[in-house]
$ cat start_37.cif   # mmCIF, C-alpha atoms and all ligand atoms
data_target
#
loop_
_atom_site.label_atom_id
_atom_site.label_comp_id
_atom_site.auth_asym_id
_atom_site.auth_seq_id
_atom_site.Cartn_x
_atom_site.Cartn_y
_atom_site.Cartn_z
CA MET X 263 89.36 74.14 -11.04
CA ARG X 264 86.90 71.84 -9.34
CA VAL X 265 86.03 68.64 -11.17
CA GLU X 266 83.27 66.36 -9.99
CA VAL X 267 82.77 63.13 -11.85
CA THR X 268 81.07 59.80 -11.42
CA ILE X 269 83.33 56.89 -12.26
CA ASN X 270 82.01 53.33 -12.20
CA ARG X 271 79.00 54.61 -10.21
CA GLU X 272 81.15 56.28 -7.53
CA ARG X 273 81.45 60.03 -7.12
CA TYR X 274 84.83 61.72 -7.07
CA ALA X 275 85.76 65.38 -6.62
CA SER X 276 89.12 67.00 -7.07
CA ASP X 277 90.79 70.39 -7.59
CA VAL X 278 92.88 70.23 -10.73
CA GLU X 279 94.85 72.45 -13.08
CA PRO X 280 92.80 73.36 -16.18
CA ARG X 281 95.38 71.69 -18.42
CA LEU X 282 95.24 68.31 -16.64
CA LEU X 283 94.31 65.53 -19.05
CA LEU X 284 91.49 63.19 -18.14
CA VAL X 285 93.79 60.16 -18.23
CA HIS X 286 96.00 61.79 -15.59
CA LEU X 287 92.99 62.59 -13.41
CA ILE X 288 91.92 58.96 -13.63
CA ARG X 289 95.33 57.39 -13.08
CA ASP X 290 97.43 59.82 -11.09
CA VAL X 291 94.87 61.70 -9.01
CA LEU X 292 92.16 59.11 -8.47
CA ARG X 293 94.53 56.12 -8.69
CA LEU X 294 92.38 54.06 -11.07
CA THR X 295 95.43 52.65 -12.80
CA GLY X 296 93.65 50.07 -14.95
CA THR X 297 93.48 52.68 -17.72
CA HIS X 298 96.79 52.73 -19.57
CA ILE X 299 98.73 55.45 -21.39
CA GLY X 300 100.51 54.31 -24.51
CA CYS X 301 101.27 57.42 -26.53
CA ASP X 302 99.67 60.68 -25.33
CA THR X 303 98.95 61.59 -28.95
CA THR X 304 95.49 60.07 -29.58
CA HIS X 305 97.09 57.28 -31.52
CA CYS X 306 97.04 54.00 -29.60
CA GLY X 307 93.70 53.82 -27.76
CA ALA X 308 95.19 52.29 -24.59
CA CYS X 309 93.60 55.12 -22.61
CA THR X 310 90.04 54.52 -23.89
CA VAL X 311 87.28 55.02 -21.31
CA LEU X 312 83.56 55.62 -21.69
CA LEU X 313 82.34 59.19 -21.22
CA ASP X 314 78.55 59.24 -20.93
CA GLY X 315 78.57 55.80 -22.53
CA ARG X 316 80.75 56.70 -25.53
CA PRO X 317 84.36 55.61 -25.93
CA VAL X 318 86.86 58.46 -25.78
CA LYS X 319 90.63 58.54 -25.72
CA SER X 320 91.17 60.02 -22.29
CA CYS X 321 94.57 61.47 -23.26
CA THR X 322 92.67 63.74 -25.64
CA VAL X 323 90.11 65.11 -23.18
CA PHE X 324 90.79 67.63 -20.43
CA ALA X 325 89.75 66.50 -16.98
CA VAL X 326 87.55 69.60 -16.65
CA GLN X 327 85.57 68.54 -19.73
CA ALA X 328 84.35 65.53 -17.73
CA HIS X 329 82.89 67.73 -14.98
CA GLY X 330 79.37 66.62 -14.06
CA ARG X 331 79.58 63.63 -16.38
CA GLU X 332 79.71 59.87 -16.04
CA LEU X 333 82.77 57.79 -16.75
CA MET X 334 83.32 54.09 -16.93
CA THR X 335 86.79 52.61 -16.77
CA VAL X 336 88.00 49.04 -17.06
CA GLU X 337 87.58 48.64 -13.29
CA GLY X 338 83.82 49.05 -13.79
CA LEU X 339 83.38 45.99 -16.01
CA GLU X 340 83.45 43.37 -13.28
CA GLN X 341 80.28 43.18 -11.21
CA ASP X 342 80.09 41.49 -7.79
CA GLY X 343 83.14 39.39 -8.52
CA ASN X 344 81.86 38.28 -11.93
CA LEU X 345 83.79 39.14 -15.04
CA HIS X 346 81.88 40.84 -17.83
CA PRO X 347 81.51 38.61 -20.94
CA VAL X 348 83.99 40.81 -22.77
CA GLN X 349 86.61 40.16 -20.07
CA GLU X 350 85.77 36.48 -20.12
CA GLY X 351 86.18 36.44 -23.91
CA PHE X 352 89.67 37.94 -23.71
CA MET X 353 90.59 35.35 -21.08
CA GLN X 354 89.13 32.35 -22.90
CA GLU X 355 90.46 33.24 -26.34
CA HIS X 356 93.87 34.49 -25.18
CA GLY X 357 93.14 38.04 -26.32
CA LEU X 358 95.63 39.27 -23.71
CA GLN X 359 99.22 39.07 -24.78
CA CYS X 360 101.38 41.62 -22.95
CA GLY X 361 98.11 43.21 -21.82
CA TYR X 362 99.10 46.79 -22.54
CA CYS X 363 96.33 47.55 -25.01
CA THR X 364 93.80 45.39 -23.18
CA PRO X 365 91.98 48.00 -21.04
CA GLY X 366 91.34 50.14 -24.11
CA MET X 367 90.37 47.14 -26.21
CA LEU X 368 87.94 46.02 -23.50
CA MET X 369 86.24 49.40 -23.23
CA THR X 370 85.95 49.84 -27.00
CA SER X 371 84.58 46.30 -27.33
CA TYR X 372 82.14 46.80 -24.47
CA ALA X 373 80.70 49.93 -26.09
CA PHE X 374 80.63 48.29 -29.53
CA LEU X 375 78.81 45.15 -28.32
CA ARG X 376 76.10 47.24 -26.70
CA LYS X 377 75.08 48.21 -30.24
CA ALA X 378 76.26 45.28 -32.36
CA LYS X 379 74.67 42.04 -31.26
CA ASP X 380 76.00 39.74 -33.98
CA PRO X 381 78.92 41.54 -35.62
CA THR X 382 80.92 40.20 -38.53
CA GLU X 383 84.70 39.93 -38.33
CA ASP X 384 85.03 43.01 -40.56
CA GLU X 385 82.72 45.00 -38.30
CA ILE X 386 84.77 43.97 -35.26
CA ARG X 387 88.03 44.91 -36.95
CA LEU X 388 86.59 48.30 -37.91
CA ALA X 389 85.30 48.87 -34.37
CA ILE X 390 88.75 48.30 -32.85
CA SER X 391 90.64 50.13 -35.57
CA GLY X 392 91.36 53.02 -33.18
CA ASN X 393 93.02 50.66 -30.72
CA LEU X 394 96.50 49.46 -31.55
CA CYS X 395 97.97 46.23 -30.26
CA ARG X 396 101.74 46.37 -30.32
CA CYS X 397 101.84 42.61 -29.91
CA THR X 398 99.84 42.60 -33.16
CA GLY X 399 97.79 39.61 -32.08
CA TYR X 400 94.52 40.79 -33.55
CA VAL X 401 93.34 37.27 -34.42
CA ASN X 402 92.76 36.34 -30.79
CA ILE X 403 91.34 39.75 -29.97
CA VAL X 404 88.73 39.33 -32.70
CA LYS X 405 87.95 35.83 -31.41
CA ALA X 406 87.61 37.23 -27.90
CA ILE X 407 85.06 39.80 -29.07
CA GLN X 408 83.16 37.13 -31.02
CA HIS X 409 83.14 35.00 -27.85
CA ALA X 410 81.78 37.93 -25.84
CA ALA X 411 79.12 38.68 -28.45
CA ALA X 412 77.92 35.06 -28.30
CA ARG X 413 77.78 35.15 -24.50
CA LEU X 414 75.83 38.40 -24.56
CA ARG X 415 73.35 36.94 -27.06
CA GLN X 416 72.81 34.07 -24.60
CA GLY X 417 71.87 36.61 -21.96
CA GLY X 418 75.23 37.32 -20.29
CA THR X 419 75.55 40.72 -18.68
S1 LIG X 501 97.46 57.13 -24.65
FE1 LIG X 501 95.63 57.94 -25.45
S2 LIG X 501 95.54 57.27 -27.47
FE2 LIG X 501 97.46 56.52 -26.74
S1 LIG X 502 98.48 42.64 -25.98
FE1 LIG X 502 100.40 43.66 -26.07
S2 LIG X 502 99.88 45.56 -26.95
FE2 LIG X 502 98.13 44.38 -27.19
#
$ encode --input "start_37.cif" --output "structure tokens"
Amino acid sequence: MRVEVTINRERYASDVEPRLLLVHLIRDVLRLTGTHIGCDTTHCGACTVLLDGRPVKSCTVFAVQAHGRELMTVEGLEQDGNLHPVQEGFMQEHGLQCGYCTPGMLMTSYAFLRKAKDPTEDEIRLAISGNLCRCTGYVNIVKAIQHAAARLRQGGT
């Protein structure tokens, strides 16, 4: 089946099997390997991308379901060589440990901070509750998101 999608403002088209998962279209067919696969069972959130602006676990969506729609992956966060505040937050506050969960954490955080301008720690923890960090270093991840929220309130983009 033909799938045409826009990813990070670029158009892609591909012929795929109907059963192909979106994460495999993104990683294996289109070679955007920033999105990770951690479980394949909707559990870990490493594969989170934005579909029409909403976070989805791309191992739980068929590629054909994204036809005609807009995706954003972790590669789309940086703009003109500038890190997005959420990326900067993870760097500054050591939110990256092994880095496996990081792409999913970044995309979930990005979507969350578009709605929540001054979130509490509890709100942040709830927002990332679908994303598991096997390094279990949630303290720095929460700090990273707080850092990003502060930067965004100061007008960061
Ligand atoms: S790989 Fe999709 S939720 Fe784990
Ligand atoms: S940083 Fe290692 S899984 Fe989260």
$ closest_atom_pairs --input "start_37.cif" --of "chain X" --to "ligand LIG 501 (chain X)" --cutoff "8 Å" --atoms "all atoms listed in the file" --output "Markdown table"
| residue | atom | partner | partner_atom | distance |
| --- | --- | --- | --- | --- |
| X:Val285 | CA | X:LIG501 | FE1 | 7.8 |
| X:His298 | CA | X:LIG501 | S1 | 6.8 |
| X:Ile299 | CA | X:LIG501 | S1 | 3.9 |
| X:Gly300 | CA | X:LIG501 | S1 | 4.2 |
| X:Cys301 | CA | X:LIG501 | FE2 | 3.9 |
| X:Asp302 | CA | X:LIG501 | S1 | 4.2 |
| X:Thr303 | CA | X:LIG501 | S2 | 5.7 |
| X:Thr304 | CA | X:LIG501 | S2 | 3.5 |
| X:His305 | CA | X:LIG501 | S2 | 4.3 |
| X:Cys306 | CA | X:LIG501 | FE2 | 3.8 |
| X:Gly307 | CA | X:LIG501 | S2 | 3.9 |
| X:Ala308 | CA | X:LIG501 | FE2 | 5.3 |
| X:Cys309 | CA | X:LIG501 | FE1 | 4.5 |
| X:Thr310 | CA | X:LIG501 | FE1 | 6.7 |
| X:Lys319 | CA | X:LIG501 | FE1 | 5.0 |
| X:Ser320 | CA | X:LIG501 | FE1 | 5.8 |
| X:Cys321 | CA | X:LIG501 | FE1 | 4.3 |
| X:Thr322 | CA | X:LIG501 | FE1 | 6.5 |
| X:Asn393 | CA | X:LIG501 | S2 | 7.8 |
$ residues_near_ligand --input "start_37.cif" --ligand "ligand LIG 502 (chain X)" --cutoff "7 Å" --atoms "only C-alpha atoms and all ligand atoms" --output "ChimeraX atom specification"
/X:358-364,394-399
$ atom_distance --input "start_37.cif" --atom1 "atom CA of X:Met367" --atom2 "atom CA of X:Val291"
23.0 Å
$ atom_distance --input "start_37.cif" --atom1 "atom CA of X:Lys379" --atom2 "atom CA of X:Gly417"
11.1 Å
$ residues_near_point --input "start_37.cif" --point "(85.5, 49.8, -23.5)" --cutoff "8 Å" --atoms "all atoms listed in the file" --output "list in words"
Thr310, Val311, Leu312, Pro317, Thr335, Val336, Pro365, Gly366, Met367, Leu368, Met369, Thr370, Ser371, Tyr372, Ala373 and Phe374 of chain X
$ residues_around --input "start_37.cif" --residues "stretch 400-415 of chain X" --least-positions-apart "5" --cutoff "8 Å" --atoms "all atoms listed in the file" --output "VMD selection string"
chain X and resid 347 to 358 371 375 379 to 381 383 386 to 387 395
$ atom_distance --input "start_37.cif" --atom1 "atom CA of X:Leu345" --atom2 "atom CA of X:Arg376"
16.1 Å
$ closest_residue --input "start_37.cif" --among "X:Leu339, X:Ala325, X:Val318, X:Ala275" --to "X:Gly392" --atoms "only C-alpha atoms"
X:Val318
$ closest_residue --input "start_37.cif" --among "X:Glu266, X:Asp290, X:Glu279, X:Glu385" --to "X:Arg331" --atoms "all atoms listed in the file"
X:Glu266
$ closest_residue --input "start_37.cif" --among "X:Asp314, X:Thr295, X:Val323, X:Leu283" --to "X:Thr268" --atoms "only C-alpha atoms"
X:Asp314
$ closest_residue --input "start_37.cif" --among "X:Gly315, X:Gly296, X:Phe324, X:Met263" --to "X:Leu284" --atoms "only C-alpha atoms"
X:Phe324
$ axis_aligned_box --input "start_37.cif" --around "stretch 403-410 of chain X" --padding-each-side "8 Å" --output "AutoDock Vina command-line options"
--center_x 86.6 --center_y 37.4 --center_z -29.3 --size_x 25.6 --size_y 20.8 --size_z 22.9
$ build_atoms --input "start_37.cif" --residues "stretch 369-380 of chain X" --atoms "all heavy atoms" --output "mmCIF file, in the coordinates of the input"
data_model
loop_
_atom_site.group_PDB
_atom_site.id
_atom_site.type_symbol
_atom_site.label_atom_id
_atom_site.label_comp_id
_atom_site.auth_asym_id
_atom_site.auth_seq_id
_atom_site.Cartn_x
_atom_site.Cartn_y
_atom_site.Cartn_z
ATOM 1 N N MET X 369 87.251 48.343 -23.301
ATOM 2 C CA MET X 369 86.240 49.400 -23.230
ATOM 3 C C MET X 369 85.634 49.680 -24.606
ATOM 4 O O MET X 369 84.422 49.904 -24.735
ATOM 5 C CB MET X 369 86.841 50.683 -22.630
ATOM 6 C CG MET X 369 87.356 50.525 -21.211
ATOM 7 S SD MET X 369 86.257 49.593 -20.118
ATOM 8 C CE MET X 369 84.887 50.726 -19.929
ATOM 9 N N THR X 370 86.472 49.647 -25.641
ATOM 10 C CA THR X 370 85.950 49.840 -27.000
ATOM 11 C C THR X 370 85.010 48.692 -27.357
ATOM 12 O O THR X 370 83.927 48.905 -27.915
ATOM 13 C CB THR X 370 87.124 49.902 -28.007
ATOM 14 O OG1 THR X 370 87.915 51.042 -27.680
ATOM 15 C CG2 THR X 370 86.636 50.015 -29.435
ATOM 16 N N SER X 371 85.404 47.469 -27.017
ATOM 17 C CA SER X 371 84.580 46.300 -27.330
ATOM 18 C C SER X 371 83.262 46.335 -26.566
ATOM 19 O O SER X 371 82.203 46.014 -27.106
ATOM 20 C CB SER X 371 85.319 44.999 -26.952
ATOM 21 O OG SER X 371 86.572 44.960 -27.542
ATOM 22 N N TYR X 372 83.348 46.716 -25.307
ATOM 23 C CA TYR X 372 82.140 46.800 -24.470
ATOM 24 C C TYR X 372 81.122 47.758 -25.114
ATOM 25 O O TYR X 372 79.945 47.419 -25.280
ATOM 26 C CB TYR X 372 82.531 47.278 -23.072
ATOM 27 C CG TYR X 372 81.372 47.572 -22.156
ATOM 28 C CD1 TYR X 372 80.799 46.564 -21.377
ATOM 29 C CD2 TYR X 372 80.858 48.861 -22.042
ATOM 30 C CE1 TYR X 372 79.731 46.839 -20.522
ATOM 31 C CE2 TYR X 372 79.799 49.141 -21.197
ATOM 32 C CZ TYR X 372 79.247 48.132 -20.441
ATOM 33 O OH TYR X 372 78.191 48.412 -19.607
ATOM 34 N N ALA X 373 81.599 48.939 -25.485
ATOM 35 C CA ALA X 373 80.700 49.930 -26.090
ATOM 36 C C ALA X 373 80.162 49.419 -27.427
ATOM 37 O O ALA X 373 78.970 49.570 -27.737
ATOM 38 C CB ALA X 373 81.428 51.256 -26.277
ATOM 39 N N PHE X 374 81.029 48.801 -28.209
ATOM 40 C CA PHE X 374 80.630 48.290 -29.530
ATOM 41 C C PHE X 374 79.549 47.209 -29.389
ATOM 42 O O PHE X 374 78.537 47.226 -30.111
ATOM 43 C CB PHE X 374 81.876 47.721 -30.216
ATOM 44 C CG PHE X 374 81.621 46.960 -31.481
ATOM 45 C CD1 PHE X 374 81.046 47.584 -32.580
ATOM 46 C CD2 PHE X 374 81.956 45.614 -31.580
ATOM 47 C CE1 PHE X 374 80.807 46.876 -33.756
ATOM 48 C CE2 PHE X 374 81.722 44.905 -32.746
ATOM 49 C CZ PHE X 374 81.144 45.537 -33.835
ATOM 50 N N LEU X 375 79.747 46.281 -28.450
ATOM 51 C CA LEU X 375 78.810 45.150 -28.320
ATOM 52 C C LEU X 375 77.472 45.567 -27.698
ATOM 53 O O LEU X 375 76.516 44.802 -27.741
ATOM 54 C CB LEU X 375 79.453 44.019 -27.504
ATOM 55 C CG LEU X 375 80.627 43.329 -28.205
ATOM 56 C CD1 LEU X 375 81.269 42.289 -27.283
ATOM 57 C CD2 LEU X 375 80.188 42.682 -29.516
ATOM 58 N N ARG X 376 77.414 46.756 -27.168
ATOM 59 C CA ARG X 376 76.100 47.240 -26.700
ATOM 60 C C ARG X 376 75.219 47.563 -27.896
ATOM 61 O O ARG X 376 74.003 47.557 -27.809
ATOM 62 C CB ARG X 376 76.267 48.476 -25.822
ATOM 63 C CG ARG X 376 76.866 48.093 -24.483
ATOM 64 C CD ARG X 376 77.090 49.270 -23.622
ATOM 65 N NE ARG X 376 75.829 49.728 -23.056
ATOM 66 C CZ ARG X 376 75.730 50.669 -22.145
ATOM 67 N NH1 ARG X 376 76.823 51.260 -21.701
ATOM 68 N NH2 ARG X 376 74.575 51.028 -21.677
ATOM 69 N N LYS X 377 75.851 47.860 -29.037
ATOM 70 C CA LYS X 377 75.080 48.210 -30.240
ATOM 71 C C LYS X 377 75.046 47.057 -31.226
ATOM 72 O O LYS X 377 74.048 46.841 -31.896
ATOM 73 C CB LYS X 377 75.692 49.438 -30.918
ATOM 74 C CG LYS X 377 75.566 50.695 -30.088
ATOM 75 C CD LYS X 377 76.033 51.919 -30.834
ATOM 76 C CE LYS X 377 77.528 51.876 -30.993
ATOM 77 N NZ LYS X 377 78.110 53.080 -31.570
ATOM 78 N N ALA X 378 76.149 46.340 -31.338
ATOM 79 C CA ALA X 378 76.260 45.280 -32.360
ATOM 80 C C ALA X 378 76.088 43.923 -31.695
ATOM 81 O O ALA X 378 76.959 43.485 -30.948
ATOM 82 C CB ALA X 378 77.624 45.376 -33.024
ATOM 83 N N LYS X 379 74.966 43.304 -31.954
ATOM 84 C CA LYS X 379 74.670 42.040 -31.260
ATOM 85 C C LYS X 379 75.341 40.843 -31.940
ATOM 86 O O LYS X 379 75.711 39.881 -31.276
ATOM 87 C CB LYS X 379 73.155 41.801 -31.195
ATOM 88 C CG LYS X 379 72.395 42.908 -30.496
ATOM 89 C CD LYS X 379 72.817 43.021 -29.043
ATOM 90 C CE LYS X 379 72.144 44.206 -28.364
ATOM 91 N NZ LYS X 379 72.887 44.726 -27.222
ATOM 92 N N ASP X 380 75.443 40.896 -33.267
ATOM 93 C CA ASP X 380 76.000 39.740 -33.980
ATOM 94 C C ASP X 380 76.957 40.248 -35.068
ATOM 95 O O ASP X 380 76.706 40.076 -36.264
ATOM 96 C CB ASP X 380 74.847 38.927 -34.586
ATOM 97 C CG ASP X 380 75.323 37.567 -35.066
ATOM 98 O OD1 ASP X 380 76.495 37.220 -34.799
ATOM 99 O OD2 ASP X 380 74.524 36.867 -35.718
#
